[in-house]
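J.: Before I ask anything, let me first share the structure, which is written out below as structure tokens.
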Amino acid sequence: AVDLSGDPGPWLLRTLLACSPGRMAALVPNNHPDVASAAGQQGLKSLVDTRFALRFLRSTPDGKHCVVVADQVLAGTLDVGGLAVREVLMRAHGKLGNVWREALVTATRGALTKREARERIGEHDELELRLVDLPRHRIAALLPLIRASASQ
């Protein structure tokens with residue numbers, strides 16, 4: 001469990017990217033942008049849905065807080081694109097270019113070589129950076145590209 005009761009907004013996503021357990025719970029304010037509305041909840045879910053199934057326990061343990069429960073999604077339930085995204089999310093601390101390449105090799109069960117995977121990725125400004133360090137809007141823009149690169 002993680003106490004994010006002081007989270008101004010970005011910590012919950014960063015915590016989900018950084019953690020590695022099969023289940024995690026985070027305490028956030030009830031008015032947190034990722035839990036206060038259905039749109040906020042859906043926005044967060046859409047970023048991590050290949051890695052975690054999220055549940056939002058509003059007004060728990062009191063009227064000022066929400067517990068976000070994240071349960072690991074099993075790899076066998078995902079298509080090849082979802083598996084590639086999941087692999088990248090699970091290695092958010094690695095250099096994106098390397099992590100993305102390895103994710104493609106893993107997701108295609110070795111059908112792609114590292115060289116072929118690198119060619120499939122192409123050029124992106126973020127490849128030398130870590131996913132966990134990127135702003136949310138750049139993560140949101142990259143995940144569909146990662147998914148699509150696995151299905152080419």
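Chain lettering (A, B, ...) mirrors the order of the structure tokens, residue numbering begins at 1 for each chain separately, and ligand numbering begins at 1 in order of display.
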What lies within 10 Å of region 41-44 of chain A using only C-alpha atoms, ignoring chain neighbours under 5 positions off, as JSON, numbers by chain?

T.: {"A": [12, 13, 16, 32, 33, 34, 35, 36, 49, 54, 55, 56, 68, 136, 140]}

J.: Using only C-alpha atoms, determine which residues lie at most 10 Å from Pro144 (chain A), disregarding the query and same-chain residues fewer than 3 positions distant; provide the list as a PDB file with N, CA and C atoms, in the first residue's frame.

T.:
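Okay, around-v7.pdb is ready:
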```pdb
ATOM      1  N   LEU A  47      -4.273   4.234 -19.749  1.00  0.00           N
ATOM      2  CA  LEU A  47      -2.808   4.247 -19.783  1.00  0.00           C
ATOM      3  C   LEU A  47      -2.200   2.958 -19.242  1.00  0.00           C
ATOM      4  N   GLY A  81      -0.228  -6.719 -29.449  1.00  0.00           N
ATOM      5  CA  GLY A  81      -0.028  -5.293 -29.200  1.00  0.00           C
ATOM      6  C   GLY A  81      -0.138  -4.955 -27.727  1.00  0.00           C
ATOM      7  N   GLY A  82      -1.136  -5.526 -27.065  1.00  0.00           N
ATOM      8  CA  GLY A  82      -1.296  -5.310 -25.630  1.00  0.00           C
ATOM      9  C   GLY A  82      -0.133  -5.862 -24.840  1.00  0.00           C
ATOM     10  N   VAL A  85       2.789  -3.405 -25.094  1.00  0.00           N
ATOM     11  CA  VAL A  85       2.574  -2.253 -24.210  1.00  0.00           C
ATOM     12  C   VAL A  85       2.814  -2.658 -22.763  1.00  0.00           C
ATOM     13  N   ILE A 139       3.339   9.963 -22.805  1.00  0.00           N
ATOM     14  CA  ILE A 139       3.086   8.533 -22.579  1.00  0.00           C
ATOM     15  C   ILE A 139       1.829   8.125 -23.340  1.00  0.00           C
ATOM     16  N   ALA A 140       0.772   8.929 -23.212  1.00  0.00           N
ATOM     17  CA  ALA A 140      -0.492   8.630 -23.897  1.00  0.00           C
ATOM     18  C   ALA A 140      -0.314   8.577 -25.411  1.00  0.00           C
ATOM     19  N   ALA A 141       0.565   9.391 -25.954  1.00  0.00           N
ATOM     20  CA  ALA A 141       0.812   9.386 -27.397  1.00  0.00           C
ATOM     21  C   ALA A 141       1.663   8.193 -27.828  1.00  0.00           C
ATOM     22  N   ARG A 147       1.757  -0.291 -29.386  1.00  0.00           N
ATOM     23  CA  ARG A 147       0.776  -1.331 -29.725  1.00  0.00           C
ATOM     24  C   ARG A 147       0.790  -1.615 -31.229  1.00  0.00           C
ATOM     25  N   ALA A 148       0.769  -0.570 -32.027  1.00  0.00           N
ATOM     26  CA  ALA A 148       0.734  -0.732 -33.487  1.00  0.00           C
ATOM     27  C   ALA A 148       2.016  -1.372 -34.014  1.00  0.00           C
ATOM     28  N   SER A 149       3.155  -1.048 -33.412  1.00  0.00           N
ATOM     29  CA  SER A 149       4.426  -1.599 -33.898  1.00  0.00           C
ATOM     30  C   SER A 149       4.504  -3.110 -33.711  1.00  0.00           C
TER      31      SER A 149
END
```

J.: Give me, as number ranges by chain, all polymer residues having an atom no more than 6 Å from Val88 (chain A), counting only C-alpha atoms and skipping those fewer than 3 positions away in the same chain.

T.: A: 85, 91, 99-100

J.: Considering only C-alpha atoms, return as a PyMOL selection string whatever protein or nucleic-acid residues lie within 9 Å of Ala117 (chain A), sequence-local ones (same chain, fewer than 3 positions apart) excluded.

T.: chain A and resi 100-105+112-114+120-122+149-150

J.: Mind dumping the selected residues with N, CA and C atoms as a PDB file, in the first residue's frame?

T.:
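Writing done, so here's out.pdb:
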```
ATOM      1  N   TRP A 100      11.383  -0.934 -25.521  1.00  0.00           N
ATOM      2  CA  TRP A 100      10.433  -1.130 -26.615  1.00  0.00           C
ATOM      3  C   TRP A 100      10.912  -2.247 -27.531  1.00  0.00           C
ATOM      4  N   ARG A 101      12.190  -2.240 -27.875  1.00  0.00           N
ATOM      5  CA  ARG A 101      12.757  -3.287 -28.735  1.00  0.00           C
ATOM      6  C   ARG A 101      12.565  -4.664 -28.098  1.00  0.00           C
ATOM      7  N   GLU A 102      12.924  -4.792 -26.826  1.00  0.00           N
ATOM      8  CA  GLU A 102      12.779  -6.073 -26.130  1.00  0.00           C
ATOM      9  C   GLU A 102      11.314  -6.478 -26.013  1.00  0.00           C
ATOM     10  N   ALA A 103      10.434  -5.494 -25.829  1.00  0.00           N
ATOM     11  CA  ALA A 103       9.003  -5.782 -25.736  1.00  0.00           C
ATOM     12  C   ALA A 103       8.480  -6.379 -27.040  1.00  0.00           C
ATOM     13  N   LEU A 104       8.952  -5.867 -28.169  1.00  0.00           N
ATOM     14  CA  LEU A 104       8.523  -6.413 -29.460  1.00  0.00           C
ATOM     15  C   LEU A 104       9.016  -7.841 -29.650  1.00  0.00           C
ATOM     16  N   VAL A 105      10.245  -8.097 -29.262  1.00  0.00           N
ATOM     17  CA  VAL A 105      10.790  -9.457 -29.375  1.00  0.00           C
ATOM     18  C   VAL A 105       9.988 -10.403 -28.486  1.00  0.00           C
ATOM     19  N   LEU A 112      10.443 -11.749 -34.177  1.00  0.00           N
ATOM     20  CA  LEU A 112      11.272 -10.619 -34.594  1.00  0.00           C
ATOM     21  C   LEU A 112      12.642 -10.727 -33.947  1.00  0.00           C
ATOM     22  N   THR A 113      13.670 -10.423 -34.703  1.00  0.00           N
ATOM     23  CA  THR A 113      15.002 -10.300 -34.109  1.00  0.00           C
ATOM     24  C   THR A 113      15.105  -8.909 -33.486  1.00  0.00           C
ATOM     25  N   LYS A 114      16.147  -8.680 -32.703  1.00  0.00           N
ATOM     26  CA  LYS A 114      16.347  -7.358 -32.113  1.00  0.00           C
ATOM     27  C   LYS A 114      16.514  -6.302 -33.200  1.00  0.00           C
ATOM     28  N   ARG A 120      11.517  -1.645 -36.832  1.00  0.00           N
ATOM     29  CA  ARG A 120      10.073  -1.449 -36.757  1.00  0.00           C
ATOM     30  C   ARG A 120       9.721  -0.235 -35.896  1.00  0.00           C
ATOM     31  N   ILE A 121      10.524   0.023 -34.886  1.00  0.00           N
ATOM     32  CA  ILE A 121      10.278   1.156 -33.984  1.00  0.00           C
ATOM     33  C   ILE A 121      10.509   2.476 -34.700  1.00  0.00           C
ATOM     34  N   GLY A 122      11.562   2.560 -35.484  1.00  0.00           N
ATOM     35  CA  GLY A 122      11.864   3.800 -36.186  1.00  0.00           C
ATOM     36  C   GLY A 122      12.484   4.835 -35.267  1.00  0.00           C
ATOM     37  N   SER A 149       3.155  -1.048 -33.412  1.00  0.00           N
ATOM     38  CA  SER A 149       4.426  -1.599 -33.898  1.00  0.00           C
ATOM     39  C   SER A 149       4.504  -3.110 -33.711  1.00  0.00           C
ATOM     40  N   ALA A 150       3.780  -3.640 -32.750  1.00  0.00           N
ATOM     41  CA  ALA A 150       3.794  -5.085 -32.513  1.00  0.00           C
ATOM     42  C   ALA A 150       2.921  -5.830 -33.510  1.00  0.00           C
TER      43      ALA A 150
END
```

J.: Just list as an mmCIF file with C-alpha atoms, in the first residue's frame whatever in region 5-150 of chain A DSSP marks as strand (DSSP E or B).

T.:
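Saved the output as selection.cif:
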```
data_model
loop_
_atom_site.group_PDB
_atom_site.id
_atom_site.type_symbol
_atom_site.label_atom_id
_atom_site.label_comp_id
_atom_site.auth_asym_id
_atom_site.auth_seq_id
_atom_site.Cartn_x
_atom_site.Cartn_y
_atom_site.Cartn_z
ATOM 1 C CA ARG A 23 -1.379 -6.069 -6.436
ATOM 2 C CA MET A 24 -1.011 -2.531 -5.183
ATOM 3 C CA ALA A 25 -3.285 -0.163 -3.313
ATOM 4 C CA ALA A 26 -2.827 3.595 -3.222
ATOM 5 C CA LEU A 27 -4.573 6.098 -0.977
ATOM 6 C CA VAL A 28 -5.326 9.343 -2.828
ATOM 7 C CA PRO A 29 -7.570 12.341 -2.123
ATOM 8 C CA PHE A 52 -3.253 -3.321 -14.180
ATOM 9 C CA ALA A 53 -6.994 -3.711 -13.738
ATOM 10 C CA LEU A 54 -7.976 -0.752 -11.571
ATOM 11 C CA ARG A 55 -10.754 -0.455 -8.989
ATOM 12 C CA PHE A 56 -11.637 2.869 -7.399
ATOM 13 C CA LEU A 57 -12.971 2.596 -3.846
ATOM 14 C CA ARG A 58 -14.346 6.119 -3.420
ATOM 15 C CA HIS A 65 -10.016 9.724 0.359
ATOM 16 C CA CYS A 66 -10.159 7.024 -2.276
ATOM 17 C CA VAL A 67 -8.284 3.740 -2.420
ATOM 18 C CA VAL A 68 -7.149 2.763 -5.901
ATOM 19 C CA VAL A 69 -6.563 -0.989 -6.124
ATOM 20 C CA ALA A 70 -4.391 -2.184 -9.000
ATOM 21 C CA ASP A 71 -4.391 -5.910 -9.810
ATOM 22 C CA GLN A 72 -1.923 -7.273 -12.338
ATOM 23 C CA LYS A 95 15.636 3.436 -21.636
ATOM 24 C CA ARG A 130 12.741 6.533 -19.502
#
```

J.: Which residues in chain A does DSSP call alpha helix (DSSP H)? List them as a ChimeraX atom specification.

T.: /A:11-18,38-48,80-90,96-107,114-121,136-150

J.: What's the separation between CA of Ser46 (chain A) and CA of Asn30 (chain A), in Å to one decimal place?

T.: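 We find that CA of Ser46 (chain A) and CA of Asn30 (chain A) lie 19.8 Å from each other.
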
J.: Please, what distance in Å, to one decimal, runs between CA of Glu128 (chain A) and CA of Gly22 (chain A)?

T.: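 Result for CA of Glu128 (chain A) versus CA of Gly22 (chain A): 27.9 Å, one decimal.
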